[in-house]
Structure formats: C-alpha cells, structure tokens
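Asker: File run_35.txt below, compact mmCIF, C-alpha atoms:
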```
# COMPACT_ATOMS: atom_id res chain seq x y z
CA MET A 1 -74.96 -29.08 51.80
CA LYS A 2 -73.20 -26.08 50.31
CA LEU A 3 -69.91 -27.32 51.73
CA LYS A 4 -70.43 -30.73 50.16
CA VAL A 5 -71.04 -29.18 46.74
CA ILE A 6 -67.99 -26.96 47.02
CA SER A 7 -65.72 -29.76 48.20
CA GLY A 8 -67.17 -32.00 45.47
CA ILE A 9 -66.33 -29.41 42.82
CA ALA A 10 -62.88 -28.90 44.29
CA LEU A 11 -62.21 -32.64 44.21
CA LEU A 12 -63.39 -32.85 40.60
CA LEU A 13 -61.09 -29.96 39.67
CA MET A 14 -58.13 -31.66 41.36
CA VAL A 15 -58.77 -34.90 39.51
CA LEU A 16 -59.06 -33.01 36.23
CA LEU A 17 -55.91 -31.05 36.93
CA TYR A 18 -54.02 -34.23 37.73
CA ALA A 19 -55.28 -35.95 34.60
CA CYS A 20 -54.22 -32.92 32.58
CA GLN A 21 -50.61 -33.25 33.68
CA SER A 22 -48.62 -33.87 30.58
CA GLU A 23 -47.11 -37.26 29.92
CA ASP A 24 -43.67 -35.66 30.40
CA ASP A 25 -44.55 -34.48 33.89
CA LEU A 26 -45.70 -37.93 34.88
CA GLU A 27 -42.59 -39.52 33.44
CA PHE A 28 -40.44 -37.06 35.37
CA LYS A 29 -42.24 -37.90 38.60
CA ARG A 30 -41.89 -41.64 38.02
CA TYR A 31 -38.18 -41.32 37.29
CA TYR A 32 -37.58 -38.96 40.19
CA THR A 33 -39.37 -41.12 42.78
CA THR A 34 -37.67 -44.37 41.77
CA GLY A 35 -34.39 -42.49 41.43
CA ASN A 36 -34.70 -41.35 45.04
CA VAL A 37 -34.87 -44.98 46.21
CA ILE A 38 -31.86 -45.98 44.08
CA TYR A 39 -29.96 -42.98 45.43
CA GLN A 40 -30.59 -44.07 49.01
CA ASN A 41 -29.37 -47.60 48.27
CA LYS A 42 -26.39 -46.91 46.06
CA CYS A 43 -25.18 -43.33 46.49
CA GLN A 44 -26.25 -41.90 49.83
CA ASN A 45 -23.64 -43.67 52.01
CA CYS A 46 -20.89 -41.68 50.38
CA HIS A 47 -22.54 -38.59 48.89
CA GLY A 48 -24.86 -37.99 51.83
CA ALA A 49 -28.60 -37.53 52.27
CA ASN A 50 -28.33 -33.93 51.07
CA GLY A 51 -25.70 -34.57 48.40
CA GLN A 52 -23.20 -32.81 50.64
CA GLY A 53 -20.28 -35.22 50.02
CA LEU A 54 -17.56 -35.57 52.68
CA SER A 55 -14.86 -32.93 53.18
CA ALA A 56 -12.23 -33.30 50.44
CA LEU A 57 -12.76 -37.07 50.19
CA ILE A 58 -16.10 -37.37 48.43
CA PRO A 59 -17.40 -34.69 46.07
CA PRO A 60 -20.77 -33.07 46.75
CA LEU A 61 -23.54 -33.29 44.14
CA THR A 62 -24.54 -29.69 44.65
CA ASP A 63 -22.36 -28.06 41.97
CA SER A 64 -24.99 -27.37 39.28
CA VAL A 65 -22.44 -25.87 36.91
CA TYR A 66 -20.29 -29.01 37.01
CA LEU A 67 -23.30 -31.25 36.49
CA LYS A 68 -24.46 -29.16 33.52
CA THR A 69 -21.09 -29.06 31.79
CA ASN A 70 -20.59 -32.81 32.32
CA LYS A 71 -24.19 -33.78 31.64
CA THR A 72 -23.39 -36.34 28.94
CA ASN A 73 -20.62 -37.95 31.04
CA LEU A 74 -22.68 -38.56 34.18
CA ALA A 75 -24.07 -41.92 33.01
CA CYS A 76 -20.51 -43.16 32.36
CA TYR A 77 -19.39 -42.04 35.84
CA VAL A 78 -22.22 -43.99 37.46
CA LYS A 79 -21.80 -47.15 35.41
CA TYR A 80 -18.00 -47.39 35.19
CA GLY A 81 -16.89 -45.37 38.19
CA LEU A 82 -14.55 -42.40 38.19
CA LYS A 83 -10.79 -42.15 38.73
CA GLY A 84 -8.32 -39.32 38.70
CA GLU A 85 -8.54 -35.65 39.55
CA VAL A 86 -11.93 -33.96 39.61
CA LYS A 87 -12.40 -30.25 40.27
CA LEU A 88 -15.76 -29.02 41.47
CA ALA A 89 -17.39 -26.95 44.17
CA GLY A 90 -14.09 -25.09 44.57
CA LYS A 91 -12.17 -28.20 45.64
CA THR A 92 -10.02 -30.88 44.04
CA PHE A 93 -10.89 -34.53 44.55
CA ASN A 94 -8.65 -37.46 43.72
CA ASP A 95 -10.22 -40.61 45.13
CA ALA A 96 -11.84 -43.35 43.10
CA MET A 97 -15.58 -43.77 42.82
CA PRO A 98 -16.60 -47.43 42.45
CA ALA A 99 -18.52 -48.62 39.40
CA ASN A 100 -22.25 -49.29 39.74
CA ASP A 101 -23.31 -51.62 36.97
CA MET A 102 -27.02 -50.85 36.67
CA ALA A 103 -29.57 -51.03 33.88
CA SER A 104 -29.85 -47.90 31.73
CA VAL A 105 -33.28 -47.14 33.09
CA ASP A 106 -31.97 -47.24 36.68
CA ILE A 107 -29.12 -44.91 35.75
CA ALA A 108 -31.65 -42.59 34.10
CA GLU A 109 -33.80 -42.60 37.22
CA VAL A 110 -30.99 -41.94 39.66
CA LEU A 111 -29.57 -39.18 37.43
CA THR A 112 -33.02 -37.62 37.20
CA TYR A 113 -33.12 -37.60 40.98
CA ILE A 114 -29.62 -36.16 41.43
CA THR A 115 -29.87 -33.50 38.73
CA ASN A 116 -33.18 -32.29 40.17
CA SER A 117 -32.30 -32.34 43.87
CA PHE A 118 -29.77 -30.54 46.08
CA GLY A 119 -30.50 -27.25 44.28
CA ASN A 120 -30.11 -28.71 40.78
CA LYS A 121 -32.87 -28.37 38.17
CA MET A 122 -32.01 -30.04 34.89
CA GLY A 123 -35.21 -31.92 33.99
CA VAL A 124 -35.69 -35.56 33.18
CA VAL A 125 -32.88 -37.87 32.01
CA THR A 126 -34.38 -40.62 29.85
CA SER A 127 -32.99 -44.13 29.43
CA GLN A 128 -32.55 -43.40 25.69
CA GLN A 129 -30.26 -40.50 26.59
CA VAL A 130 -28.37 -42.76 28.98
CA ASP A 131 -27.90 -45.38 26.24
CA ALA A 132 -26.60 -42.72 23.87
CA ASP A 133 -24.21 -41.34 26.52
CA LEU A 134 -22.95 -44.79 27.49
CA ALA A 135 -22.07 -45.54 23.86
CA LYS A 136 -19.60 -42.64 24.02
CA CYS A 137 -17.90 -43.48 27.34
CA LYS A 138 -14.16 -43.00 27.32
CA MET B 1 -56.61 -25.98 101.69
CA LYS B 2 -53.75 -23.58 101.23
CA ASN B 3 -51.56 -25.76 103.44
CA LEU B 4 -52.35 -28.77 101.33
CA LEU B 5 -51.40 -26.86 98.21
CA ASN B 6 -48.10 -25.81 99.78
CA ALA B 7 -47.39 -29.40 100.73
CA VAL B 8 -48.00 -30.53 97.18
CA VAL B 9 -45.68 -27.85 95.83
CA ILE B 10 -42.94 -28.81 98.29
CA ILE B 11 -43.25 -32.51 97.44
CA ALA B 12 -43.20 -31.67 93.75
CA LEU B 13 -40.02 -29.63 94.22
CA PHE B 14 -38.32 -32.42 96.13
CA SER B 15 -39.15 -35.04 93.55
CA ALA B 16 -37.94 -32.66 90.85
CA CYS B 17 -34.58 -32.57 92.59
CA LYS B 18 -34.43 -36.33 92.61
CA PHE B 19 -35.04 -36.49 88.89
CA ASN B 20 -32.06 -34.22 88.35
CA GLN B 21 -29.67 -36.68 89.92
CA GLN B 22 -26.47 -37.10 87.97
CA LYS B 23 -26.74 -39.87 85.41
CA THR B 24 -23.82 -42.29 85.43
CA LEU B 25 -22.85 -44.38 82.46
CA PRO B 26 -22.75 -48.16 82.80
CA ILE B 27 -19.48 -50.10 82.75
CA TYR B 28 -19.50 -52.80 80.09
CA GLY B 29 -17.70 -56.11 79.76
CA ASN B 30 -16.88 -59.02 82.02
CA ARG B 31 -16.01 -58.33 85.60
CA SER B 32 -14.31 -60.37 88.29
CA THR B 33 -13.50 -59.84 91.93
CA ALA B 34 -10.18 -59.33 93.59
CA THR B 35 -9.58 -59.83 97.26
CA LYS B 36 -7.03 -57.70 98.99
CA THR B 37 -6.06 -57.10 102.55
CA ILE B 38 -6.06 -53.54 103.80
CA ASN B 39 -5.04 -52.92 107.44
CA GLY B 40 -5.61 -56.54 108.28
CA GLN B 41 -9.13 -56.47 106.91
CA THR B 42 -10.09 -58.44 103.84
CA GLU B 43 -11.86 -56.38 101.18
CA VAL B 44 -13.41 -57.53 97.95
CA ASP B 45 -13.03 -55.27 94.93
CA THR B 46 -14.69 -55.40 91.52
CA VAL B 47 -12.25 -55.67 88.64
CA TYR B 48 -13.70 -54.40 85.37
CA GLN B 49 -12.76 -55.44 81.88
CA THR B 50 -10.25 -53.03 80.38
CA ILE B 51 -8.66 -52.48 76.99
CA PRO B 52 -5.38 -54.45 76.98
CA PRO B 53 -2.07 -52.72 76.17
CA PHE B 54 -1.58 -51.98 72.46
CA LYS B 55 1.01 -50.30 70.28
CA PHE B 56 0.19 -48.80 66.88
CA ILE B 57 1.53 -46.14 64.50
CA ASN B 58 -0.52 -42.98 63.90
CA GLN B 59 -0.91 -40.88 60.74
CA TYR B 60 2.15 -38.79 61.69
CA GLY B 61 4.35 -41.88 61.92
CA ASP B 62 4.48 -41.69 65.72
CA SER B 63 4.09 -44.70 67.95
CA VAL B 64 0.87 -44.65 69.98
CA SER B 65 0.27 -47.00 72.87
CA ASN B 66 -2.40 -47.26 75.53
CA LYS B 67 -0.11 -45.11 77.72
CA ASN B 68 -0.61 -42.16 75.37
CA VAL B 69 -4.35 -42.21 76.06
CA SER B 70 -4.18 -43.18 79.75
CA ASN B 71 -5.16 -39.61 80.66
CA SER B 72 -7.86 -39.35 78.04
CA ILE B 73 -11.44 -40.26 77.51
CA TYR B 74 -11.52 -41.67 74.02
CA VAL B 75 -13.76 -43.01 71.29
CA ALA B 76 -12.56 -45.93 69.18
CA ASP B 77 -13.75 -47.23 65.84
CA PHE B 78 -12.55 -49.61 63.13
CA PHE B 79 -12.48 -48.57 59.47
CA PHE B 80 -10.43 -48.59 56.28
CA THR B 81 -9.81 -45.76 53.85
CA THR B 82 -11.10 -47.47 50.71
CA CYS B 83 -14.33 -48.67 52.33
CA PRO B 84 -17.24 -47.87 50.03
CA SER B 85 -20.08 -48.96 52.31
CA ILE B 86 -20.60 -47.60 55.80
CA CYS B 87 -17.29 -45.85 56.50
CA PRO B 88 -18.19 -42.53 54.85
CA ILE B 89 -21.29 -42.27 57.05
CA MET B 90 -19.26 -43.23 60.11
CA GLN B 91 -16.59 -40.64 59.39
CA ARG B 92 -19.19 -37.98 58.63
CA ASN B 93 -20.70 -38.66 62.05
CA MET B 94 -17.30 -38.96 63.77
CA LEU B 95 -16.47 -35.49 62.40
CA THR B 96 -19.26 -34.04 64.55
CA VAL B 97 -17.76 -35.76 67.61
CA TYR B 98 -14.32 -34.44 66.60
CA ASP B 99 -15.63 -30.90 66.15
CA ALA B 100 -17.34 -31.01 69.55
CA PHE B 101 -14.22 -31.98 71.54
CA LYS B 102 -11.16 -31.18 69.43
CA ALA B 103 -10.10 -28.38 71.79
CA ASP B 104 -10.01 -30.77 74.76
CA PRO B 105 -6.45 -32.07 75.35
CA ASN B 106 -7.81 -35.00 77.37
CA PHE B 107 -10.03 -36.32 74.62
CA ASN B 108 -9.02 -38.57 71.72
CA ILE B 109 -10.53 -40.46 68.83
CA LEU B 110 -8.73 -43.64 67.77
CA SER B 111 -9.62 -44.98 64.34
CA TYR B 112 -7.95 -48.33 63.74
CA THR B 113 -7.55 -49.42 60.14
CA ILE B 114 -8.46 -53.04 59.47
CA ASP B 115 -6.65 -52.89 56.12
CA PRO B 116 -3.07 -52.07 57.22
CA LYS B 117 -1.65 -53.45 53.99
CA HIS B 118 -3.20 -50.63 51.97
CA ASP B 119 -3.57 -48.00 54.70
CA SER B 120 0.06 -47.05 55.26
CA VAL B 121 1.04 -44.04 57.38
CA ASN B 122 1.12 -41.96 54.19
CA VAL B 123 -2.33 -43.05 53.11
CA LEU B 124 -3.71 -42.36 56.58
CA LYS B 125 -2.14 -38.88 56.67
CA LYS B 126 -3.64 -37.99 53.31
CA TYR B 127 -6.98 -39.36 54.41
CA ALA B 128 -6.91 -37.27 57.60
CA ASP B 129 -5.94 -34.17 55.61
CA LYS B 130 -8.78 -34.67 53.18
CA LEU B 131 -11.21 -35.23 56.01
CA GLY B 132 -10.07 -31.91 57.46
CA VAL B 133 -8.56 -33.45 60.59
CA THR B 134 -5.56 -31.66 62.09
CA GLY B 135 -3.74 -31.89 65.42
CA LYS B 136 -3.44 -34.91 67.63
CA SER B 137 -6.91 -35.44 68.99
CA TRP B 138 -8.12 -37.75 66.18
CA LEU B 139 -5.53 -40.45 65.55
CA PHE B 140 -5.66 -42.88 62.64
CA LEU B 141 -3.83 -46.01 63.72
CA GLN B 142 -2.09 -48.70 61.77
CA GLY B 143 -0.71 -51.96 63.13
CA LYS B 144 -0.51 -55.65 62.46
CA LYS B 145 -3.73 -57.05 61.06
CA GLU B 146 -4.02 -59.90 63.57
CA GLU B 147 -3.42 -57.51 66.48
CA THR B 148 -6.03 -55.12 65.16
CA TYR B 149 -8.57 -57.88 64.75
CA GLN B 150 -7.81 -59.18 68.25
CA LEU B 151 -8.11 -55.70 69.70
CA ALA B 152 -11.50 -55.32 68.03
CA THR B 153 -12.84 -58.17 70.13
CA ASN B 154 -11.46 -56.47 73.25
CA TYR B 155 -13.56 -53.43 72.34
CA LEU B 156 -16.53 -55.84 72.15
CA VAL B 157 -16.72 -55.15 68.42
CA SER B 158 -17.25 -58.30 66.38
CA LYS B 159 -14.11 -59.57 64.73
CA PRO B 160 -13.78 -58.13 61.21
CA GLN B 161 -14.20 -60.69 58.46
CA GLU B 162 -13.42 -60.83 54.79
CA ASP B 163 -16.13 -62.17 52.56
CA ALA B 164 -15.69 -63.88 49.21
CA LYS B 165 -15.11 -60.59 47.41
CA GLN B 166 -12.29 -59.68 49.79
CA GLN B 167 -14.47 -56.88 51.00
CA TYR B 168 -14.36 -56.22 54.67
CA ILE B 169 -17.46 -56.61 56.72
CA HIS B 170 -17.41 -54.87 60.03
CA ASP B 171 -19.62 -53.19 62.59
CA GLY B 172 -19.97 -49.47 62.45
CA LEU B 173 -19.63 -49.18 66.21
CA PHE B 174 -18.19 -46.24 68.13
CA ILE B 175 -16.83 -47.35 71.52
CA LEU B 176 -16.53 -44.93 74.43
CA VAL B 177 -13.59 -45.68 76.76
CA ASP B 178 -12.83 -43.91 80.04
CA LYS B 179 -9.50 -42.98 81.63
CA GLN B 180 -9.37 -46.34 83.41
CA GLN B 181 -9.59 -48.03 79.97
CA ARG B 182 -13.06 -49.33 80.74
CA ILE B 183 -15.79 -49.49 78.09
CA ARG B 184 -18.57 -47.05 78.97
CA GLY B 185 -20.70 -47.04 75.85
CA SER B 186 -21.25 -48.51 72.42
CA TYR B 187 -23.02 -46.60 69.64
CA ASP B 188 -24.05 -47.25 66.05
CA GLY B 189 -21.74 -44.90 64.16
CA THR B 190 -24.06 -44.83 61.16
CA ASP B 191 -26.97 -43.41 63.15
CA PRO B 192 -26.79 -39.63 63.78
CA LYS B 193 -29.16 -39.94 66.77
CA GLN B 194 -26.89 -42.43 68.55
CA VAL B 195 -23.88 -40.27 67.73
CA ASN B 196 -25.59 -37.29 69.37
CA GLN B 197 -26.18 -39.52 72.39
CA LEU B 198 -22.45 -40.33 72.37
CA ILE B 199 -21.63 -36.62 72.49
CA GLU B 200 -24.01 -36.18 75.44
CA ASP B 201 -22.52 -39.24 77.17
CA ILE B 202 -18.97 -37.90 76.76
CA LYS B 203 -20.09 -34.70 78.50
CA THR B 204 -21.63 -36.80 81.30
CA LEU B 205 -18.54 -38.97 81.62
CA LYS B 206 -16.27 -35.93 81.89
CA THR B 207 -18.06 -34.90 85.08
CA GLU B 208 -17.40 -38.19 86.88
CA PRO B 209 -14.90 -37.71 89.75
CA ASP B 210 -12.69 -40.53 88.42
CA GLN B 211 -12.42 -38.83 85.05
CA THR B 212 -11.44 -35.34 86.20
CA LYS B 213 -8.07 -36.34 87.66
```
Would you mind giving the structure from this file in structure tokens?

Answerer:
Amino acid sequence: MKLKVISGIALLLMVLLYACQSEDDLEFKRYYTTGNVIYQNKCQNCHGANGQGLSALIPPLTDSVYLKTNKTNLACYVKYGLKGEVKLAGKTFNDAMPANDMASVDIAEVLTYITNSFGNKMGVVTSQQVDADLAKCK
Amino acid sequence: MKNLLNAVVIIALFSACKFNQQKTLPIYGNRSTATKTINGQTEVDTVYQTIPPFKFINQYGDSVSNKNVSNSIYVADFFFTTCPSICPIMQRNMLTVYDAFKADPNFNILSYTIDPKHDSVNVLKKYADKLGVTGKSWLFLQGKKEETYQLATNYLVSKPQEDAKQQYIHDGLFILVDKQQRIRGSYDGTDPKQVNQLIEDIKTLKTEPDQTK
C-alpha cells in the first residue's frame, strides 16, 4: 500500500516536472531529435557517427571553437556546400562539400543536433535564425 | 560414480578439441575440372575461378599487374575520390584493415577507381596522402574504365553503373583474394561488423599452408 502511494506521488511529480519544462526546452528537444535523423541520412556517411570526419579528407564536427566563430555561416555551408581551404581542428581541408538543399526548418534541426553533439553545446538553432543567415550567404 | 564423472570429463575435453579445429574459408566463384595424367594415372583436379591478369597504374605512377600481388593476400574494392555517398564509410573501415596489416609485406589493399577520367595518378596520390596512407601496401589503381568495369565482374562485384545524374552506383564490397588469386570472402565495406570479420578472416587465411609459401 505504502509503496503504491509513494510510487503514485513519484509519478505525479515526474508528470508535473515534465509539464513544467519550458517551451524552449521542448523546442530544443524536438529540433535535436529530428536533427539526429537528418544527420544520419545526410551527413553521417562523410562526417561519421561521432562527427569524427575522415583523416585530412573530411573535417570533423568536433571543433567547438570553429563552430562558434562560424555560427552564422553554418546554414550557408549546409545549403550551398563548401569549397576552398578550411582550417579547423589543427588541420587544413581543401575538398568540396556538396550542397544539401533542404528547408530552413530541416537545416535548423540538423544544426541544432550538430552544435549540441560531439562535445559541442551551443543551444537551439531556430528556423528564423537560419532564414536570417541564409539571406547573408556569400 | 567417480568413474562416470571422469568419463564425462574426458569426453567433454575431446569434443572441446574438435570444436577448436582450424576454420577454413570457402572458395568462391565457378569451378571446373581438369583431367591430367600423372605417372600414367588419370587424375581429376578442381580448377577454381581466379582473378584474370590485369595491369593498372598506382598512386605513385608505377605499373601494377596481378604479378605484383601474386605473393600477397589482398583485399580489393571499387571506389572514386569524389564519391559523396558510401565511399567515405568504406574508406574509414578500410583504414582499420590497413592499420591492422600495413606492416605485413605480403598483404595488399587494391582500390580501383571507377572514375579514371577524374581520378588521375595525381588525384589518387593526394587522396592517399590525405587519408594518411603511406608505403606500398594500400594501392590506389587507375586504368581504362571498361577494363575496370570488366574486372569488377571478375571480383563478383556487380558492374558499376551510371544513373541519370551521372552519379556512380556501386556496391560497397570488400573482396578477399588469396595468393592463388582465388576469391575467399566478400564483405559489406559499409558495415564495421563485417569489416571486423574480414580482419579475422585474413588472420585465418594467413595460416593456411598454401598461403604461407
């Protein structure tokens, strides 16, 4: 009996706690989860399951400093691809990344996943931000 | 009672020994028979499918033929340097095979490009450098497109095709070939588990009497 009451209270508390999660938290989780699926379909072949990249051919996604300093360019890289020399993680890369023409919301989701995995922690990337960044692509 | 127990233990030990018998890898491909006469007696021999003679150029600009690998166990795959789909996974997995056996002078990896127009010797050398491949154990080979495609079928890999977008579709297979040029295994190069099996199978193959010559 006692156990039932305790577990009942615990369950109630968990439900309350979950309901109390802020809207932002929920949005982050939605973006992150869908982003994970997009990553597996579109990015993982080259960048690897752990964002490790491939030798000096394909850059890793683990360089938090690079991701932070290029935060507003990331959407452009995904949508239009990337050519030319890139320096990160102590190496130089010079091979082309193909374009991935996706909807802004998909780009936002996959960027949320990437910038919050592999040791990165940059918070949610919204589709509004992506739209704003895409307008400024070089 | 004690005797019975002893008997059980002995039987168990014997059957344990049987389980430890050396595993041998299968020999793939078509086979035919050849009849020859030795000392007046007619003997029938099995002739296995082998990789036909080939001649390609490697990333150092050297000519490589089947003779160069006649004393090697080797793994073959088909790829191209600008492949965005499965090649990076294949090469990531092939790197683990390379790292496991790169010190062995009688082991090779042959990666044939199916896009020889783009993948010149220079491109292949740069690709190998960037992948971190040095020495002559992993060879990136370039030859005529038709010959490469034909050779693919000899490795029991499906013939590469170009789809409407001029993208290449091809299997991600790793083929294990022994010193007699016979196919001994075929593995999905995009699956790390199968690639680990390949590494185990190479170790097994190396212990075969025919392979230690």

Asker: Find the spatial neighbours of segment 47-59 of chain A, counting all atoms listed in the file, within a cut-off of 8 Å - ignore same-chain residues fewer than 4 positions away - and output them as a PyMOL selection string.

Answerer: (chain A and resi 40+43+88-89+91-95+118) or (chain B and resi 88-89+92+127+130-132)

Asker: With C-alpha atoms retained, could you export that selection as a CSV table (one decimal), keeping the file's coordinate frame?

Answerer:
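This went into selection_26.csv:
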```csv
chain,number,residue,atom,x,y,z
A,40,GLN,CA,-30.6,-44.1,49.0
A,43,CYS,CA,-25.2,-43.3,46.5
A,88,LEU,CA,-15.8,-29.0,41.5
A,89,ALA,CA,-17.4,-27.0,44.2
A,91,LYS,CA,-12.2,-28.2,45.6
A,92,THR,CA,-10.0,-30.9,44.0
A,93,PHE,CA,-10.9,-34.5,44.6
A,94,ASN,CA,-8.6,-37.5,43.7
A,95,ASP,CA,-10.2,-40.6,45.1
A,118,PHE,CA,-29.8,-30.5,46.1
B,88,PRO,CA,-18.2,-42.5,54.8
B,89,ILE,CA,-21.3,-42.3,57.0
B,92,ARG,CA,-19.2,-38.0,58.6
B,127,TYR,CA,-7.0,-39.4,54.4
B,130,LYS,CA,-8.8,-34.7,53.2
B,131,LEU,CA,-11.2,-35.2,56.0
B,132,GLY,CA,-10.1,-31.9,57.5
```

Asker: Show me, as a list in words, every residue of chain B with an atom at most 12 Å from chain A, counting only C-alpha atoms.

Answerer: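 Using only C-alpha atoms, chain B residues at most 12 Å from chain A: Thr81, Thr82, Cys83, Pro84, Ser85, Ile86, Cys87, Pro88, Ile89, Met90, Gln91, Arg92, Asn93, Met94, Leu95, Val123, Lys126, Tyr127, Ala128, Asp129, Lys130, Leu131, Gly132, Val133, Thr190, Asp191 and Pro192 of chain B.
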
Asker: Rank nothing, just name the residue among A:Asn70, A:Gln21, A:Ser117, A:Gln128 nearest to Lys87 of chain A, using all atoms listed in the file.

Answerer: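 Smallest distance to Lys87 of chain A is found for A:Asn70.
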
Asker: With distances taken over all atoms listed in the file, which of A:Ala10, A:Lys4, A:Lys71, A:Ser104 is nearest to Gly35 of chain A?

Answerer: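 Once distances to Gly35 of chain A are computed over all atoms listed in the file, the minimum belongs to A:Ser104.
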
Asker: Quick one: distance from atom CA of Thr148 of chain B to atom CA of Thr204 of chain B in Å, one decimal?

Answerer: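 Between atom CA of Thr148 of chain B and atom CA of Thr204 of chain B the gap works out to 29.0 Å.
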
Asker: To one decimal place in Å, what is the distance between atom CA of Lys68 of chain A and atom CA of Asp131 of chain A?

Answerer: 18.1 Å

Asker: So, counting all atoms listed in the file, which residue among B:Asp62, B:Asp77, B:Asp201, B:Asp178 is closest to Asn106 of chain B?

Answerer: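 Between B:Asp62, B:Asp77, B:Asp201, B:Asp178, the residue approaching Asn106 of chain B most closely is B:Asp178.
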
Asker: What's the 7 Å shell around Thr46 of chain B, counting all atoms listed in the file, without same-chain residues fewer than 4 positions away, as JSON, numbers by chain?

Answerer: {"B": [31, 32, 33, 34]}

Asker: Residues at most 10 Å from Met122 of chain A, counting all atoms listed in the file, excluding those fewer than 2 positions away in the same chain, as a list of chain:residue names?

Answerer: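 After dropping sequence-adjacent residues, the list is A:Ser64, A:Leu67, A:Lys68, A:Lys71, A:Leu111, A:Thr112, A:Tyr113, A:Ile114, A:Thr115, A:Asn116, A:Ser117, A:Gly119, A:Asn120, A:Val124, A:Val125.
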
Asker: Determine, counting only C-alpha atoms, which protein, DNA and RNA residues have an atom within 9 Å of an atom of segment 135-138 of chain A; residues of the same chain fewer than 4 positions away are not included. Present the result as a ChimeraX atom specification.

Answerer: /A:72-73,75-77,80,130-131
